[in-house]
$ cat run-v2.txt   # compact mmCIF, C-alpha atoms and all ligand atoms
# COMPACT_ATOMS: atom_id res chain seq x y z
CA MET S 89 13.70 -15.99 -35.93
CA ASN S 90 17.18 -17.01 -37.08
CA CYS S 91 20.05 -18.36 -34.97
CA LEU S 92 21.63 -14.96 -34.36
CA GLU S 93 18.39 -13.41 -33.22
CA PHE S 94 17.79 -16.42 -31.04
CA ARG S 95 21.20 -16.15 -29.37
CA ARG S 96 20.74 -12.45 -28.76
CA ARG S 97 17.45 -13.07 -27.11
CA LEU S 98 18.86 -16.02 -25.21
CA GLY S 99 21.68 -13.91 -23.81
CA SER S 100 19.35 -11.21 -22.61
CA GLU S 101 16.20 -13.11 -21.73
CA PRO S 102 16.73 -16.87 -21.45
CA ALA S 103 13.27 -17.43 -20.03
CA CYS S 104 11.70 -15.73 -23.03
CA SER S 105 8.44 -17.35 -24.05
CA PHE S 106 7.85 -15.54 -27.32
CA GLU S 107 6.37 -17.87 -29.90
CA ASP S 108 9.14 -17.51 -32.48
CA PHE S 109 11.77 -17.96 -29.80
CA VAL S 110 10.20 -21.19 -28.62
CA ALA S 111 9.66 -22.31 -32.22
CA HIS S 112 13.30 -21.78 -33.17
CA ARG S 113 14.47 -23.71 -30.17
CA ALA S 114 12.28 -26.62 -31.20
CA GLU S 115 13.68 -26.78 -34.71
CA CYS S 116 17.38 -25.89 -34.18
CA VAL S 117 19.53 -28.43 -32.38
CA HIS S 118 22.46 -26.06 -31.75
CA CYS S 119 20.28 -23.34 -30.30
CA ALA S 120 18.41 -25.89 -28.22
CA ALA S 121 21.74 -26.99 -26.74
CA ALA S 122 22.76 -23.40 -26.10
CA HIS S 123 19.42 -22.87 -24.43
CA ALA S 124 20.00 -25.84 -22.14
CA ARG S 125 23.40 -24.41 -21.11
CA ALA S 126 21.84 -21.02 -20.57
CA GLU S 127 19.17 -22.50 -18.35
CA GLU S 128 21.79 -24.22 -16.29
CA PHE S 129 23.63 -20.94 -15.85
CA GLU S 130 20.37 -19.17 -14.98
CA SER S 131 19.67 -21.56 -12.16
CA ARG S 132 23.12 -20.80 -10.77
CA ILE S 133 22.50 -17.07 -11.01
CA ARG S 134 19.19 -17.52 -9.28
CA ALA S 135 20.81 -19.50 -6.48
CA ALA S 136 23.45 -16.80 -6.08
CA PHE S 137 20.80 -14.07 -5.91
CA ASN S 138 18.87 -15.97 -3.26
CA VAL S 139 20.83 -14.73 -0.28
CA ALA S 140 19.57 -15.76 3.13
CA VAL S 141 16.71 -13.60 4.36
CA PRO S 142 16.86 -12.47 8.00
CA ALA S 143 14.63 -14.51 10.26
CA ASN S 144 11.27 -13.02 11.16
CA LEU S 145 11.60 -10.23 8.62
CA ALA S 146 7.89 -10.33 7.80
CA ASP S 147 6.91 -10.39 11.48
CA ARG S 148 9.09 -7.43 12.25
CA ILE S 149 7.61 -5.45 9.38
CA LEU S 150 4.09 -6.27 10.53
CA LEU S 151 4.99 -5.25 14.06
CA ALA S 152 6.34 -1.94 12.82
CA GLN S 153 3.18 -1.37 10.83
CA THR S 154 0.74 -2.19 13.61
CA THR S 155 2.74 0.02 15.94
CA GLU S 156 2.57 2.82 13.46
CA ALA S 157 -1.12 2.26 12.83
CA ARG S 158 -1.76 2.40 16.56
CA HIS S 159 0.16 5.63 16.83
CA GLU S 160 -1.82 7.04 13.99
CA ARG S 161 -5.03 6.11 15.68
CA ARG S 162 -3.80 7.88 18.76
CA GLY S 163 -3.34 10.87 16.59
CA ARG S 164 0.38 11.14 17.02
CA ARG S 165 1.07 11.24 13.36
CA ARG S 166 -2.05 12.95 12.23
CA GLY S 167 -3.73 14.77 15.03
CA PHE S 168 -7.43 14.36 15.18
CA ALA S 169 -7.81 18.01 16.01
CA ALA S 170 -6.00 18.92 12.81
CA LEU S 171 -8.08 16.46 10.90
CA MET S 172 -11.25 17.96 12.24
CA LEU S 173 -10.13 21.42 11.27
CA ALA S 174 -9.03 20.41 7.83
CA ALA S 175 -11.97 18.27 7.06
CA ALA S 176 -15.57 18.01 7.86
CA ALA S 177 -15.65 14.78 9.72
CA SER S 178 -18.65 13.50 11.54
CA ILE S 179 -19.46 10.44 13.50
CA VAL S 180 -22.71 9.63 15.14
CA VAL S 181 -22.49 8.59 18.73
CA ALA S 182 -25.16 7.65 21.15
CA LEU S 183 -25.14 9.62 24.32
CA VAL S 184 -25.33 8.08 27.71
CA ALA S 185 -26.04 11.26 29.48
CA VAL S 186 -25.30 9.88 32.89
CA ASN S 187 -21.91 8.51 32.12
CA ARG S 188 -18.80 10.48 31.53
CA PRO S 189 -17.64 9.94 27.97
CA ARG S 190 -15.37 6.95 27.60
CA THR S 191 -11.81 7.55 26.59
CA GLU S 192 -11.85 4.25 24.77
CA VAL S 193 -13.44 4.27 21.36
CA PRO S 194 -16.00 1.47 21.07
CA GLU S 195 -15.40 -1.08 18.36
CA LEU S 196 -17.97 0.02 15.83
CA ALA S 197 -17.11 3.69 16.24
CA GLY S 198 -13.46 2.72 15.97
CA MET S 199 -14.08 1.29 12.53
CA VAL S 200 -15.91 4.43 11.56
CA VAL S 201 -13.07 6.56 12.90
CA ASP S 202 -10.62 4.48 10.91
CA HIS S 203 -12.70 5.10 7.84
CA LEU S 204 -12.85 8.83 8.50
CA ARG S 205 -9.13 8.92 8.90
CA GLU S 206 -8.79 7.42 5.45
CA HIS S 207 -11.67 9.20 3.86
CA VAL S 208 -11.09 12.83 4.58
CA VAL S 209 -13.84 14.88 3.03
CA GLY S 210 -12.37 18.19 1.99
CA ALA S 211 -13.96 21.39 3.18
CA ASP S 212 -14.42 22.35 -0.46
CA ARG S 213 -16.91 19.53 -0.79
CA THR S 214 -19.11 20.41 2.13
CA GLY S 215 -19.93 24.01 1.28
CA SER S 216 -23.58 23.50 0.52
CA PRO S 217 -26.34 20.98 1.18
CA VAL S 218 -26.60 18.02 -1.16
CA PRO S 219 -29.97 17.32 -2.80
CA LYS S 220 -32.22 15.46 -0.38
CA GLN S 221 -32.84 12.85 -3.03
CA ASP S 222 -29.13 11.93 -2.92
CA VAL S 223 -29.38 11.23 0.78
CA MET S 224 -32.60 9.29 0.22
CA ASP S 225 -30.92 7.25 -2.53
CA ALA S 226 -27.82 6.48 -0.45
CA PHE S 227 -29.97 5.13 2.36
CA ALA S 228 -32.19 3.24 -0.09
CA ALA S 229 -29.05 1.58 -1.45
CA ARG S 230 -28.37 0.40 2.09
CA GLY S 231 -31.91 -0.96 2.36
CA VAL S 232 -33.24 1.87 4.48
CA SER S 233 -36.15 4.02 3.44
CA LEU S 234 -36.14 7.34 5.20
CA ALA S 235 -39.31 8.97 6.39
CA SER S 236 -37.69 12.32 5.79
CA VAL S 237 -34.27 13.79 5.10
CA PRO S 238 -32.84 16.14 7.69
CA ASP S 239 -31.65 19.55 6.63
CA GLY S 240 -28.00 20.35 6.54
CA VAL S 241 -26.46 17.23 5.02
CA ASN S 242 -23.63 18.72 2.99
CA TYR S 243 -21.92 15.52 1.95
CA VAL S 244 -23.17 12.02 1.42
CA HIS S 245 -21.42 8.91 0.19
CA LYS S 246 -21.88 5.18 0.54
CA CYS S 247 -18.76 3.95 2.28
CA PRO S 248 -17.50 0.84 4.02
CA ALA S 249 -16.39 0.87 7.64
CA GLY S 250 -14.73 -2.33 8.70
CA PRO S 251 -16.95 -5.09 7.34
CA TYR S 252 -20.03 -2.85 7.42
CA ASN S 253 -21.92 -0.81 4.89
CA THR S 254 -22.48 2.78 5.81
CA VAL S 255 -23.83 6.05 4.60
CA HIS S 256 -21.13 8.60 5.32
CA MET S 257 -22.41 12.14 5.74
CA VAL S 258 -21.11 15.49 6.88
CA MET S 259 -23.37 17.91 8.67
CA PRO S 260 -21.89 21.35 9.30
CA GLU S 261 -23.19 22.50 12.65
CA ARG S 262 -22.74 25.53 14.82
CA SER S 263 -19.97 23.82 16.76
CA GLY S 264 -18.20 22.70 13.60
CA PRO S 265 -18.62 19.94 11.07
CA VAL S 266 -19.95 16.66 12.35
CA SER S 267 -19.27 13.39 10.57
CA VAL S 268 -22.48 11.41 10.68
CA VAL S 269 -22.17 7.81 9.63
CA TYR S 270 -25.10 5.47 9.51
CA VAL S 271 -23.97 1.86 9.75
CA ALA S 272 -26.80 0.01 8.05
CA ASP S 273 -25.96 -3.56 8.93
CA LYS S 274 -24.88 -3.47 12.56
CA ARG S 275 -27.16 -2.56 15.40
CA ILE S 276 -25.31 -1.93 18.62
CA ALA S 277 -26.94 -2.57 21.97
CA GLY S 278 -26.93 0.89 23.46
CA GLN S 279 -25.64 4.38 23.29
CA VAL S 280 -22.00 5.14 24.03
CA ASP S 281 -20.27 8.48 24.12
CA PHE S 282 -16.57 8.70 23.83
CA SER S 283 -13.92 11.32 23.75
CA ARG S 284 -10.26 11.05 22.94
CA ASP S 285 -7.46 13.22 21.64
CA GLY S 286 -9.75 16.15 21.11
CA MET S 287 -12.23 14.03 19.21
CA HIS S 288 -15.75 13.48 20.47
CA GLY S 289 -18.05 10.77 19.36
CA ARG S 290 -21.30 9.03 19.99
CA GLN S 291 -22.72 5.78 18.75
CA LEU S 292 -26.33 4.74 19.17
CA PRO S 293 -28.68 2.10 17.80
CA LEU S 294 -30.97 3.48 15.15
CA GLY S 295 -33.45 1.53 13.06
CA LYS S 296 -31.87 -1.76 12.05
CA GLY S 297 -28.41 -0.21 12.25
CA SER S 298 -26.41 2.27 14.24
CA LEU S 299 -25.58 5.91 13.98
CA VAL S 300 -22.07 7.15 14.71
CA MET S 301 -21.16 10.81 15.08
CA VAL S 302 -17.65 12.18 15.32
CA ALA S 303 -16.67 15.79 15.69
CA SER S 304 -14.29 18.08 17.47
CA ALA S 305 -17.15 19.12 19.73
CA ASP S 306 -20.17 17.21 20.98
CA ALA S 307 -22.48 20.20 21.36
CA ASP S 308 -24.68 19.26 18.43
CA PHE S 309 -24.89 15.52 18.96
CA ASP S 310 -28.24 15.67 20.76
CA ALA S 311 -29.81 17.70 17.99
CA ILE S 312 -28.39 15.47 15.28
CA GLU S 313 -29.56 12.39 17.10
CA ARG S 314 -33.07 13.82 17.28
CA VAL S 315 -33.31 14.68 13.61
CA TRP S 316 -32.03 11.28 12.54
CA LYS S 317 -34.39 9.43 14.85
CA SER S 318 -37.16 11.45 13.36
CA ALA S 319 -35.90 10.81 9.84
CA MET S 320 -35.95 7.09 10.54
CA GLY S 321 -39.50 7.38 11.79
CA GLU S 322 -38.58 6.73 15.39
CA ALA S 323 -40.48 8.53 18.08
CA VAL S 324 -38.23 10.94 19.87
CA ALA S 325 -39.11 11.67 23.42
CA THR S 326 -37.89 14.99 24.70
CA SER S 327 -38.96 17.28 27.45
CA GLU S 328 -41.14 19.01 24.88
CA GLY S 329 -42.78 15.83 23.76
CA PHE S 330 -41.86 14.72 20.27
CA ALA S 331 -38.93 16.46 18.83
CA VAL S 332 -38.98 17.79 15.36
CA PRO S 333 -35.94 18.52 13.30
CA VAL S 334 -34.50 21.73 14.60
CA LEU S 335 -31.28 21.99 12.73
CA GLN S 336 -30.76 24.72 10.27
CA SER S 337 -28.07 24.57 7.74
CA PRO S 338 -25.74 27.42 8.44
CA GLY S 339 -24.47 29.58 5.65
CA PRO S 340 -21.28 28.49 3.93
CA GLY S 341 -19.30 30.97 5.99
CA ALA S 342 -20.19 29.13 9.16
CA ILE S 343 -19.13 25.75 7.92
CA LEU S 344 -15.55 25.62 8.83
CA ALA S 345 -15.50 28.13 11.61
CA ALA S 346 -12.72 26.76 13.73
CA PRO S 347 -13.85 25.64 17.13
CA MET N 971 -0.53 21.80 3.43
CA LYS N 972 -0.25 18.07 3.73
CA GLN N 973 -3.86 17.76 4.80
CA ASP N 974 -4.84 19.61 1.68
CA VAL N 975 -3.15 17.04 -0.50
CA ASP N 976 -4.84 14.25 1.44
CA CYS N 977 -8.20 15.83 0.86
CA LYS N 978 -7.69 16.03 -2.86
CA GLU N 979 -6.39 12.53 -3.17
CA THR N 980 -9.12 10.98 -1.15
CA ALA N 981 -11.78 13.12 -2.68
CA THR N 982 -11.24 11.50 -6.05
CA MET N 983 -11.60 7.99 -4.70
CA PRO N 984 -13.96 8.00 -1.78
CA VAL N 985 -14.42 4.28 -1.44
CA TYR N 986 -11.92 2.21 0.48
CA PRO N 987 -11.74 -1.43 1.33
CA PRO N 988 -12.96 -2.18 4.82
CA MET N 989 -10.32 -1.71 7.49
CA SER N 990 -10.04 -5.35 8.44
CA SER N 991 -9.65 -6.46 4.84
CA ARG N 992 -7.11 -3.69 4.40
CA GLN N 993 -5.09 -5.14 7.25
CA ASN N 994 -5.45 -8.62 5.79
CA GLN N 995 -4.44 -7.39 2.37
CA PHE N 996 -1.37 -5.80 3.87
CA GLU N 997 -0.38 -8.84 5.82
CA ALA N 998 -0.67 -10.99 2.71
CA LEU N 999 1.48 -8.47 0.90
CA VAL N 1000 4.21 -8.63 3.53
CA ARG N 1001 4.14 -12.41 3.82
CA GLY N 1002 4.10 -12.85 0.08
CA HIS N 1003 6.72 -10.34 -0.95
CA SER N 1004 9.11 -9.51 1.88
CA THR N 1005 11.57 -12.25 0.92
CA ASP N 1006 11.88 -11.18 -2.70
CA LEU N 1007 11.90 -7.55 -1.72
CA TYR N 1008 14.69 -8.07 0.80
CA ARG N 1009 16.81 -9.87 -1.77
CA TYR N 1010 16.12 -7.18 -4.30
CA ALA N 1011 17.09 -4.52 -1.75
CA TYR N 1012 20.20 -6.42 -0.80
CA TRP N 1013 21.44 -6.53 -4.38
CA LEU N 1014 20.53 -2.91 -4.81
CA CYS N 1015 22.50 -1.63 -1.83
CA GLY N 1016 24.83 -4.47 -0.94
CA GLN N 1017 24.22 -4.31 2.79
CA ASP N 1018 22.07 -6.46 4.97
CA ALA N 1019 21.08 -3.86 7.58
CA LEU N 1020 20.36 -1.23 4.99
CA ALA N 1021 18.36 -3.70 2.92
CA GLN N 1022 16.23 -4.55 5.95
CA ASP N 1023 15.56 -0.87 6.60
CA LEU N 1024 14.66 -0.31 2.98
CA VAL N 1025 12.21 -3.19 2.98
CA GLN N 1026 10.57 -2.02 6.18
CA ASP N 1027 10.28 1.56 4.94
CA THR N 1028 8.91 0.29 1.67
CA PHE N 1029 6.16 -1.69 3.35
CA LEU N 1030 5.27 1.16 5.68
CA ARG N 1031 4.88 3.40 2.66
CA ALA N 1032 2.91 0.71 0.92
CA TRP N 1033 0.61 0.50 3.95
CA ARG N 1034 -0.09 4.21 3.85
CA ALA N 1035 -0.70 4.10 0.12
CA LEU N 1036 -2.51 0.79 -0.04
CA ASP N 1037 -5.64 2.46 -1.36
CA LYS N 1038 -3.73 3.48 -4.45
CA LEU N 1039 -2.97 -0.09 -5.33
CA ARG N 1040 -5.56 -0.96 -7.92
CA GLU N 1041 -4.35 -4.04 -9.70
CA VAL N 1042 -3.24 -6.88 -7.52
CA GLY N 1043 -1.23 -8.25 -10.44
CA ALA N 1044 0.99 -5.20 -10.46
CA VAL N 1045 1.80 -5.37 -6.77
CA LYS N 1046 5.38 -6.54 -7.08
CA ALA N 1047 6.30 -3.84 -9.57
CA TRP N 1048 4.56 -1.34 -7.31
CA LEU N 1049 6.55 -2.43 -4.26
CA ILE N 1050 9.82 -2.39 -6.16
CA THR N 1051 9.07 1.08 -7.46
CA ILE N 1052 8.54 2.26 -3.89
CA LEU N 1053 11.72 0.56 -2.77
CA ARG N 1054 13.78 2.07 -5.57
CA ARG N 1055 12.45 5.49 -4.66
CA GLU N 1056 13.31 4.96 -0.99
CA HIS N 1057 16.78 3.85 -1.97
CA ALA N 1058 17.30 6.87 -4.23
CA ARG N 1059 16.06 9.16 -1.47
CA LEU N 1060 18.47 7.62 0.98
CA PHE N 1061 21.44 8.15 -1.28
CA GLU N 1062 20.34 11.62 -2.16
CA ARG N 1063 20.30 12.44 1.52
CA LYS N 1064 23.76 11.01 1.99
CA SER N 1065 24.76 12.84 -1.19
CA MET N 1066 26.38 9.69 -2.34
CA PRO N 1067 26.03 8.51 -5.90
CA SER N 1068 24.23 5.21 -5.89
CA ASP N 1069 26.69 3.98 -8.50
CA ASP N 1070 29.39 4.04 -5.91
CA ILE N 1071 28.72 0.91 -3.95
CA ASP N 1072 31.50 -1.53 -4.36
CA ASP N 1073 31.65 -2.56 -0.73
CA PHE N 1074 29.16 -5.39 -0.76
CA ASP N 1075 29.04 -7.25 2.53
CA LEU N 1076 28.65 -10.65 0.97
CA PRO N 1077 27.31 -13.58 2.95
CA ASP N 1078 30.08 -15.44 4.68
CA PRO N 1079 30.92 -18.46 2.54
CA GLN N 1080 31.53 -20.64 5.60
CA ALA N 1081 31.63 -24.41 5.63
CA THR N 1082 32.15 -24.68 1.95
CA PRO N 1083 31.13 -27.68 0.04
CA GLU N 1084 31.81 -27.36 -3.66
CA ARG N 1085 28.45 -25.87 -4.46
CA ARG N 1086 29.01 -23.14 -1.87
CA THR N 1087 32.34 -22.08 -3.29
CA GLU N 1088 30.86 -21.77 -6.71
CA GLU N 1089 27.92 -19.83 -5.38
CA SER N 1090 30.06 -17.40 -3.48
CA ALA N 1091 32.28 -16.87 -6.51
CA LEU N 1092 29.19 -16.01 -8.51
CA ARG N 1093 28.01 -13.69 -5.74
CA GLN N 1094 31.28 -11.86 -5.82
CA ALA N 1095 31.04 -11.60 -9.57
CA ILE N 1096 27.52 -10.17 -9.28
CA ALA N 1097 28.67 -7.73 -6.61
CA LYS N 1098 31.44 -6.56 -8.92
CA LEU N 1099 29.06 -5.81 -11.75
CA GLU N 1100 28.37 -2.17 -12.38
CA PRO N 1101 24.88 -1.28 -11.15
CA LYS N 1102 23.73 -0.59 -14.68
CA TYR N 1103 24.28 -4.26 -15.46
CA ARG N 1104 23.31 -5.67 -12.09
CA ASP N 1105 20.04 -3.75 -11.69
CA PRO N 1106 18.22 -5.11 -14.74
CA LEU N 1107 19.56 -8.59 -14.03
CA VAL N 1108 18.19 -8.57 -10.49
CA LEU N 1109 14.85 -7.32 -11.74
CA GLN N 1110 14.75 -10.06 -14.33
CA VAL N 1111 15.94 -12.99 -12.26
CA LEU N 1112 14.48 -12.09 -8.86
CA GLY N 1113 11.53 -10.03 -10.00
CA GLY N 1114 10.60 -12.17 -12.96
CA PHE N 1115 9.96 -9.05 -15.02
CA SER N 1116 10.02 -8.95 -18.79
CA CYS N 1117 12.42 -6.70 -20.65
CA SER N 1118 9.71 -4.13 -21.26
CA GLU N 1119 8.71 -4.14 -17.59
CA ILE N 1120 12.34 -3.66 -16.59
CA ALA N 1121 12.65 -0.87 -19.13
CA ALA N 1122 9.66 0.82 -17.50
CA GLN N 1123 11.12 0.40 -14.00
CA LEU N 1124 14.49 1.80 -14.95
CA GLY N 1125 13.25 4.44 -17.31
CA LEU N 1126 15.24 2.99 -20.19
CA GLY N 1127 14.44 1.75 -23.65
CA GLU N 1128 13.75 -1.91 -24.09
CA ALA N 1129 16.66 -2.36 -26.50
CA ALA N 1130 19.05 -0.82 -23.99
CA VAL N 1131 17.78 -3.15 -21.30
CA MET N 1132 18.28 -6.15 -23.54
CA THR N 1133 21.83 -5.07 -24.30
CA GLN N 1134 22.63 -4.59 -20.62
CA LEU N 1135 21.17 -7.96 -19.72
CA PHE N 1136 23.21 -9.61 -22.45
CA ARG N 1137 26.40 -7.91 -21.29
CA ALA N 1138 25.66 -8.63 -17.63
CA ARG N 1139 25.63 -12.35 -18.38
CA GLN N 1140 28.71 -12.11 -20.55
CA LYS N 1141 30.58 -10.32 -17.78
CA LEU N 1142 29.55 -12.88 -15.19
CA LYS N 1143 30.68 -15.71 -17.39
CA GLY N 1144 33.90 -13.87 -18.10
CA GLN N 1145 34.62 -13.35 -14.42
CA LEU N 1146 33.92 -16.99 -13.68
CA GLY N 1147 36.08 -18.08 -16.55
CA LEU N 1148 33.14 -19.73 -18.24
CA ASP N 1149 34.14 -19.08 -21.76
CA ASP N 1150 31.33 -20.83 -23.52
CA GLN N 1151 30.70 -17.58 -25.31
CA ALA N 1152 33.36 -18.51 -27.89
CA ALA N 1153 31.92 -21.98 -28.29
CA GLU N 1154 28.46 -20.59 -28.84
CA VAL N 1155 29.62 -18.12 -31.43
CA SER N 1156 31.58 -20.77 -33.33
CA GLU N 1157 28.43 -22.84 -33.57
CA LEU N 1158 26.71 -20.10 -35.51
ZN ZN C 1 19.49 -21.77 -34.18
ZN ZN C 2 -16.59 7.69 3.61
$ encode --input "run-v2.txt" --output "structure tokens" --more "lines below"
Ligand SMILES: [Zn+2]
Ligand SMILES: [Zn+2]
Amino acid sequence: MNCLEFRRRLGSEPACSFEDFVAHRAECVHCAAAHARAEEFESRIRAAFNVAVPANLADRILLAQTTEARHERRGRRRGFAALMLAAAASIVVALVAVNRPRTEVPELAGMVVDHLREHVVGADRTGSPVPKQDVMDAFAARGVSLASVPDGVNYVHKCPAGPYNTVHMVMPERSGPVSVVYVADKRIAGQVDFSRDGMHGRQLPLGKGSLVMVASADADFDAIERVWKSAMGEAVATSEGFAVPVLQSPGPGAILAAP
Amino acid sequence: MKQDVDCKETATMPVYPPMSSRQNQFEALVRGHSTDLYRYAYWLCGQDALAQDLVQDTFLRAWRALDKLREVGAVKAWLITILRREHARLFERKSMPSDDIDDFDLPDPQATPERRTEESALRQAIAKLEPKYRDPLVLQVLGGFSCSEIAAQLGLGEAAVMTQLFRARQKLKGQLGLDDQAAEVSEL
């Protein structure tokens, strides 16, 4: 680099750290002096650019974001009903038959719902059942070996929900698609049903983890709960004794029948 | 229609960071970059209130699109890209050419020790620069971007960016009556 090239670079990029730029500065006294002047001017420019920033700017932004996030969770920005129609979303929820469904979403299910809101599985991806081995593998990756794989799992993916590891599935049922999420590393104490903004859900302990179901209707939750308890090798007491998987996978036409 | 787009986008990248870490990531983003972003916005639009709005809108967009942020190292460029887009959108809506801002509301140079006076003179000089000179300079000095990164941001060639940066400094010195340009040339 010669003096002219150095000065051009200096005028456009004084902080340049190119090797030949630095080398020229080291060997040319005049350019080194020009560089020192340029640096002095740069610090003045920087000071001029650094206008005062309004107090609490970051806090106000964070407040706006949490407010928006809350609104989104309430479905004001993206209605859950619309989401359910557009996507096959399913959450597994444990049913406390006696209690009316809670309007408050329990914490674990809330994380799952948050995940479903982010991870919208398109209807085009839930048209047919996935190979049972895929479901088996997804659970195995979460440290769970299934006794059997229920019919009618049309989507499976290993997903996070909050800090937890889950297997995220979609099961198209008669009442519409149900998001079925097995949270492998968190076992909740008992079953909770919830319902809010047209979304129904259930969370229940299952194996070493928990199962969360979310759908626009809760009609198939009992059946899904039974098949997954059976798949996990848990005895399922019903009025008929031990329940066996009863779900059939409906034809593709039935999958996104709007509730 | 919108849902459809969401489906496609999410379908290609089904794994997301856990919600809590997503919130943490966002908070770190805001705490780490809101100051620089505000200053950048201020020099882009010349108005405090507008700059604050731009920064807030930028972060809200960033929050919604956080999953698309892959490289943490590129976060500043990503935020500035969002902010520039927001700014352009705003001026499109107002059907006002963004080159037309000469009404900077500059900070009040109150209680002026010597340093202050000099600073406010420089601020006025910067405000008077045409945006085509000011923009790359702000990106370089505030953003710490290289000429090629600035070129990418502005959609210009690197040589053009270098020329504009050179002229921007010359113009500032000229306005401040710092005529060391002649001295430097005579040294050559
Ligand atoms: Zn030299
Ligand atoms: Zn998922």
$ closest_residue --input "run-v2.txt" --among "S:Ile133, S:Val315, S:Met287, S:Met199" --to "ligand ZN 2 (chain C)" --atoms "all atoms listed in the file"
S:Met199
$ atom_distance --input "run-v2.txt" --atom1 "atom CA of S:Pro217" --atom2 "atom CA of S:His203"
22.0 Å
$ interface_residues --input "run-v2.txt" --of "chain S" --to "chain N" --cutoff "9 Å" --atoms "all atoms listed in the file" --output "ChimeraX atom specification"
/S:91-92,95-101,104,118-119,122,129-130,132-142,145-150,152-153,156,170-171,174-175,199,202-203,206-211,213,245-252
$ atom_distance --input "run-v2.txt" --atom1 "atom CA of N:Leu1109" --atom2 "atom CA of S:Ala126"
17.7 Å
$ atom_distance --input "run-v2.txt" --atom1 "atom CA of N:Asp1075" --atom2 "atom CA of N:Asp1105"
17.2 Å
$ closest_residue --input "run-v2.txt" --among "S:Gly278, S:Pro102, S:Val117, S:Ser216" --to "ligand ZN 1 (chain C)" --atoms "only C-alpha atoms and all ligand atoms"
S:Val117
$ residues_around --input "run-v2.txt" --residues "S:Val258" --least-positions-apart "6" --cutoff "6 Å" --atoms "only C-alpha atoms" --output "list in words"
Ser178, Val241, Asn242, Tyr243, Val266, Ser267 and Val268 of chain S
$ axis_aligned_box --input "run-v2.txt" --around "stretch 294-310 of chain S" --padding-each-side "3 Å" --output "JSON"
{"center_x": -23.9, "center_y": 9.2, "center_z": 16.7, "size_x": 25.2, "size_y": 28.0, "size_z": 15.3}
$ residues_near_point --input "run-v2.txt" --point "(14.1, -26.7, -27.5)" --cutoff "12 Å" --atoms "all atoms listed in the file" --output "JSON, numbers by chain"
{"S": [94, 98, 102, 103, 105, 107, 108, 109, 110, 111, 112, 113, 114, 115, 116, 117, 118, 119, 120, 121, 122, 123, 124, 125, 126, 127]}
$ closest_residue --input "run-v2.txt" --among "S:Ala305, S:Val255, S:Ala157, S:Asn144" --to "ligand ZN 2 (chain C)" --atoms "all atoms listed in the file"
S:Val255
$ residues_around --input "run-v2.txt" --residues "stretch 219-235 of chain S" --least-positions-apart "6" --cutoff "10 Å" --atoms "only C-alpha atoms" --output "list in words"
Val241, Asn242, Tyr243, Val244, His245, Lys246, Cys247, Asn253, Thr254, Val255, His256, Met257, Tyr270, Val271, Ala272, Asp273, Gly295, Lys296, Gly297, Trp316, Lys317, Ser318, Ala319, Met320, Gly321 and Glu322 of chain S
$ residues_around --input "run-v2.txt" --residues "N:Phe1074" --least-positions-apart "4" --cutoff "7 Å" --atoms "only C-alpha atoms" --output "list of chain:residue names"
N:Gly1016, N:Gln1017, N:Ala1097
$ write_last_selection --input "run-v2.txt" --atoms "C-alpha atoms" --output "PDB file, in the frame of the given file"
ATOM      1  CA  GLY N1016      24.830  -4.470  -0.940  1.00  0.00           C
ATOM      2  CA  GLN N1017      24.220  -4.310   2.790  1.00  0.00           C
ATOM      3  CA  ALA N1097      28.670  -7.730  -6.610  1.00  0.00           C
TER       4      ALA N1097
END
